[in-house]
Structures are given as C-alpha cells and as structure tokens.
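> Before we start, here is the structure in question, set down as structure tokens.
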Amino acid sequence: MATPDYLEQVVVSGRKRPVHAGASSDRTGLFYRPSVTSLIWATLDLMTVALAAILALRFRVSVPGDVRATSLLPFLLHSADPILLVYVGWYGLLLIILARSYGLYGSILSRNGLNEQRLVVQATLTAGLLLCGTLYLQRHAEEVSREVVILLVVFTTILLCIRRAIWRKIVYGRYREGLETRNVLIVGAGRVAHALRNHLESLRHLGFRFKGFVALSEHEAESGDADIIGDVRNCLSLARALFVDEIFFSVPAEKKLVISLVEEARALGIDVRVVPDLYDGLAWNAPVEYIGQFPTIPLHRRDLPIGAYLLKRALDTTGAALAMLLGAPLMLILIAAVKFDSPGPVFYRAQRVGRKGRTFTCFKFRTMCADADKLKAKLEDQNERDGILFKIANDPRITRVGRFLRKYSFDELPQFYNVLRGDMSLVGPRPPIASEVEQYDIAHLRRLDVLPGMTGLWQVEARQDPSFDSYISLDTAYVENWSLWLDMKILARTVGVVFSGTGS
C-alpha cells in the first residue's frame, strides 16, 4: 500500500525537491547554501586537520634538543616543505566537501554514534585517497613524505572521532539533565502511540520529552486514559501551553485536518511528524527518519540556526565570565553596602520562569527590606503598571542602597552567575515570576521560547512604559526576529541606558 496521498501533498508542499526514502530531510547536501552551523563545523574540521599535520610533522621531523617548547611550532613549520602545507590545505578542503555531502554537518540526532563514526572514517580515508591521487597526478609524490601523508590521515581520523564522540556525550548529558530538550505531543492513543511513547522515554538521551496524548476520536477521548490531555481540535492550544516542539501523528487522519494542522503548526514554529504503519509502503518522495527504531515522516521542520545559538552561548559565557572577573571589586563593595545598610541577606533569591516554563533560582542584590514579599499584598492598590506587571513609584519597601542599585541596574550584577549556569542569557526577555505566567494568554507564552536575559529589547526601547502590551509585543518581536547582530545592538544600547540611570 502507498502512503496516503495527503502525506505526499504535505511533504511536497513544504519542499522544493523530492527526497528519496531513507535520506535525511536536513539540508545537509553539498549544493545547499551553508548555514552558520556548517561553517562552524567546517572551521573545526580545518583546525583538526592543522593539528593532525603538526602531530605528523612532530613524529616525522627530528627536533634538536636545544629547541624550546615555545619554538617547536615555528621550527616544525620552517622545516616542512612549503608544497606540503599546500597539500594539507587541499586535504582539509576535500574533507569538508565529503563531510558535508555525507550529512556530517547536520543534527547528531539524525544518526546514531556508531554510524557517525563510520561516516567520519569514510570521509577522512576517501579524502586521503584523493590527496594521494592529486600528489600522483601533479608528480609531487616524491617530494612529499609518504609517512607524513599517512600520519596526517590517521591522526585526522582519530582526532575527528574523539572530538565528535565528546560532543555527542556533552549533548546527550544536557538532554539527560533536562536542558534543551524537545517536548512532544502524540496524536492518537492506540498501540502505536503507546509504543512510541515508551520508546521515547527509554531513549532520554535523544532529548524527547513526552507531554501527553491527543485524542483523534470520541472513542479515544472517552477511553479513560489519564495521559490523554485533550483532543485534536485544541491540539495546537495545548502544544503552545506545554511548550511543545514537535507533534507526532501515530494514526491516519483526515487529509484536510492534517494539512490544516501542519500549516498552523508551521506558523507557530512547531514541527510535525507522522509515524507510518510498519507494514505500509512509502511514497518515493516521503523522507524517512528514524527516532531510535521508529520510522517517521517529517511534514514540517524548522531550520534551527544551531551555529548561531552556539555563538550566542559562547558570547554569553565569555561576557559573563569577563564581567564577573572585572566587576569583582565593585561587587565586593556593593556586598558590603547592602550588608550594612539594612538587616537581611545580601542576595535576593527568587524563583523565575525560564525557557519552556522551566523554573530556576534568579539571583539579585537585595534592594528591599527582608519582608518585602509579604508587604506586596498591602500595596496592590497602588500598582502603576497595566495588567500583570507590578511597579509603584517611591516603593516604601526599597532601602537607601537599594534605590541606588536599582537606578543604575547594579542589583542585577549577580545574574551573570545565572548566565554562566545556562539559566539565562545576556540578552532576552526578562524572566517572569510564576504568578505572572499563570495569567498569560496563549500568545504571551511565545516570550518563553528562548532563554530569559539580563537585558532585552523592552529594557532599551520602553523601560518606562507601564503598558503590559508593550512589554509583551517587544519581547515577542525579539523572539521572532532574533539574530546575533540584534543582540549586539541591544547590548550596546544597554550601556547607555545603565549610565543614564533610568532604572527604578
């Protein structure tokens, strides 16, 4: 039996060319425009080849005893034939082309670790054979040391396998800790749905987290299954409320229903997959990807800028570490000031809601009296902010030092520690408290799709605007238009906002 025609229509509508069964649907082919992620992987591969070449020269070239460790690299490069360095670069280029054509610059979840290692070995050895062929055709085989070429290929293979194994272990470890996971809803609650659910939960290192079943029929809805949390009519509302990243169809559904859901999911940035019957044939244009042992057909998938996210995280870590190092003297002075100004702890620890609704402890310098949270209820009638937010002028709970800290945003300096921990980013929507999130509409949850930040678009554009709608719209605009360049502009403008003392 062929795959239902609605699958063919949905798959083709979302793609510019057909993909044969068994191929990955990631845009990892040779002729696609490289993404930032691909460029990062390619750069790392080139660096690995360069390191392998240095190791090969070190084993091949005799180093005099009077050469110091700091002079070893210049000595090795000087002793090498310049033509060898050219061929090392050629080998690196061949490796990048082959790795890209094998899909090694795509998501690690599209293949298991053993298959990835096999492809790495295949790419390095094939590039080595092409290098040897080039040396023969250019008649440089006698000028370039055979031992160096062999060692170059061997060391590159070993280093690449080790580097990728370490990266996979890091990613799997973060998934097991519940970081950067993908929340999943399963449409249908039959045998295949429960098997898929059990399979995903047994492979927690893949990063999928089951959130519930969505009934497709009245019979399923009335079955009494405690894990059925709704029906297909409110599937997308449930997905938004539960921060779902992916919806799996485990049973056939009406053509119009699936197409409509895919289009709406695409607008919300939610991926959709179908689990085909294992006894059915597959249309040639339906790409098949395996989640563990389960074959799936992706109907829609976002192109996540993984490379840009990695650069953002690198910027966060570097910036937070430098800020804590350079700002240590100032922070020590502020610690003493807070301690002697009023009784109570130096740091204020508050539970905040972060990415995908995950709660974390947010650190700030204490700017209010110790029982400020208890006094808040008595001041509700003086709230000057619209809707959910709470802010009043001349708040009697704020201490003398606290007013100074708030004016110049010094109270938020401890949040650099949250950035280092990965709970926050330097730039992003401010982390709300749980009572605020409980009053959010479904559309407001969009601002929780990313890590909260120490500063954001609202802080530099409308910090004194009391409107909750303005607060949400600016945060949503940031999420939907995020780029590294936007982060850099917000950080630059934040400096001006801090020195102007517009905090309160």
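Labels used: A, B, ... for chains in the order of the structure tokens, numbers from 1 for residues in each chain, and numbers from 1 for ligands as shown.
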Give me, as a CSV table (one decimal) with C-alpha atoms, in the first residue's frame, all polymer residues having an atom no more than 12 Å from Lys312 in chain A, counting only C-alpha atoms and skipping those fewer than 2 positions away in the same chain.


```csv
chain,number,residue,atom,x,y,z
A,36,VAL,CA,26.3,29.1,10.3
A,305,PRO,CA,20.3,28.2,13.4
A,306,ILE,CA,22.2,25.8,15.7
A,307,GLY,CA,25.5,27.5,14.8
A,308,ALA,CA,24.2,31.0,15.7
A,309,TYR,CA,22.9,29.6,19.0
A,310,LEU,CA,26.3,28.2,19.8
A,314,ALA,CA,29.8,31.4,23.6
A,315,LEU,CA,29.2,35.2,23.8
A,316,ASP,CA,27.1,34.7,27.0
A,317,THR,CA,29.8,32.6,28.7
A,318,THR,CA,32.7,34.8,27.7
A,319,GLY,CA,30.8,38.1,28.5
A,320,ALA,CA,29.6,36.8,31.9
A,419,VAL,CA,24.2,33.3,32.7
A,422,GLY,CA,22.9,28.5,31.5
A,424,MET,CA,19.8,33.0,31.4
A,425,SER,CA,21.4,34.8,28.5
A,426,LEU,CA,22.9,38.3,28.3
A,427,VAL,CA,20.1,39.3,26.0
A,428,GLY,CA,16.5,38.1,26.1
A,450,VAL,CA,14.0,31.5,24.5
A,451,LEU,CA,16.3,31.9,27.5
A,453,GLY,CA,18.0,37.7,29.5
A,482,TRP,CA,16.4,37.3,16.8
A,483,SER,CA,19.9,37.5,15.4
A,484,LEU,CA,23.4,37.9,16.8
A,485,TRP,CA,23.5,41.4,15.3
A,486,LEU,CA,20.3,42.3,17.2
A,487,ASP,CA,21.9,41.1,20.5
A,488,MET,CA,25.0,43.2,19.9
```

> Would you return as a ChimeraX atom specification the members of range 19-249 of chain A that DSSP assigns to strand (DSSP E) on this structure's backbone?

/A:182-187,208-215,228-231,246-249

> Would you mind exporting the chosen residues as a short mmCIF file (atom, residue, chain, number, x, y, z; two decimals), in the first residue's frame, restricted to C-alpha atoms?


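So again_15.cif came out as:
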```
data_model
loop_
_atom_site.label_atom_id
_atom_site.label_comp_id
_atom_site.auth_asym_id
_atom_site.auth_seq_id
_atom_site.Cartn_x
_atom_site.Cartn_y
_atom_site.Cartn_z
CA ARG A 182 12.14 18.75 22.77
CA ASN A 183 8.64 18.41 24.20
CA VAL A 184 6.37 16.03 22.28
CA LEU A 185 2.62 15.54 21.86
CA ILE A 186 1.35 12.32 20.26
CA VAL A 187 -1.89 12.42 18.27
CA PHE A 208 12.47 14.00 23.59
CA ARG A 209 10.05 14.54 26.49
CA PHE A 210 6.50 13.13 26.27
CA LYS A 211 3.81 15.62 27.32
CA GLY A 212 0.61 13.72 26.59
CA PHE A 213 -1.70 12.04 24.07
CA VAL A 214 -4.20 13.95 21.95
CA ALA A 215 -7.36 12.01 21.14
CA ILE A 228 -4.98 11.88 27.16
CA ILE A 229 -4.95 15.63 27.80
CA GLY A 230 -7.24 16.85 25.01
CA ASP A 231 -8.49 16.20 21.51
CA GLU A 246 7.01 18.51 17.94
CA ILE A 247 3.70 16.76 17.24
CA PHE A 248 3.66 13.09 16.20
CA PHE A 249 0.71 11.58 14.29
#
```

> Kindly give the distance, in Å, that separates CA of Pro452 in chain A and CA of Arg406 in chain A, rounded to a single decimal.

19.1 Å

> Would you pick out the contacts of Ile150 in chain A at 10 Å or less, using only C-alpha atoms, so that residues sharing its chain but fewer than 3 positions from it are not included, and give the list as a list in words?

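Answer for this query is Ala56, Leu125, Gly128, Cys132, Ser145, Arg146, Glu147, Val153, Val154, Phe155 and Thr156 of chain A.
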
> Deliver the residues from the most recent selection as a file, using N, CA and C atoms, as a compact mmCIF listing (two decimals), in the first residue's frame.


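Wrote it out as result_38.txt, contents follow:
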```txt
# COMPACT_ATOMS: atom_id res chain seq x y z
N ALA A 56 51.84 15.05 12.84
CA ALA A 56 52.54 14.23 11.85
C ALA A 56 53.97 14.71 11.65
N LEU A 125 39.31 8.84 5.08
CA LEU A 125 40.05 7.92 4.21
C LEU A 125 39.84 8.24 2.74
N GLY A 128 41.86 11.14 1.97
CA GLY A 128 43.25 10.72 1.88
C GLY A 128 43.58 10.09 0.55
N CYS A 132 46.24 11.44 -2.26
CA CYS A 132 47.29 10.64 -2.89
C CYS A 132 47.18 10.69 -4.41
N SER A 145 56.63 13.61 1.85
CA SER A 145 56.89 12.39 2.61
C SER A 145 55.64 11.53 2.72
N ARG A 146 55.78 10.23 2.35
CA ARG A 146 54.66 9.31 2.46
C ARG A 146 54.25 9.12 3.92
N GLU A 147 55.25 9.09 4.80
CA GLU A 147 54.95 8.92 6.22
C GLU A 147 54.11 10.06 6.76
N VAL A 153 46.49 11.50 7.72
CA VAL A 153 45.17 10.87 7.60
C VAL A 153 44.81 10.14 8.88
N VAL A 154 45.77 9.40 9.45
CA VAL A 154 45.50 8.63 10.66
C VAL A 154 45.16 9.54 11.84
N PHE A 155 45.98 10.58 12.05
CA PHE A 155 45.73 11.50 13.18
C PHE A 155 44.43 12.27 12.99
N THR A 156 44.13 12.68 11.74
CA THR A 156 42.87 13.39 11.49
C THR A 156 41.69 12.50 11.82
```

> Would you work out the distance separating CA of Val49 in chain A from CA of Val88 in chain A, expressed in Å to one decimal?

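These atoms are spaced 7.5 Å apart.
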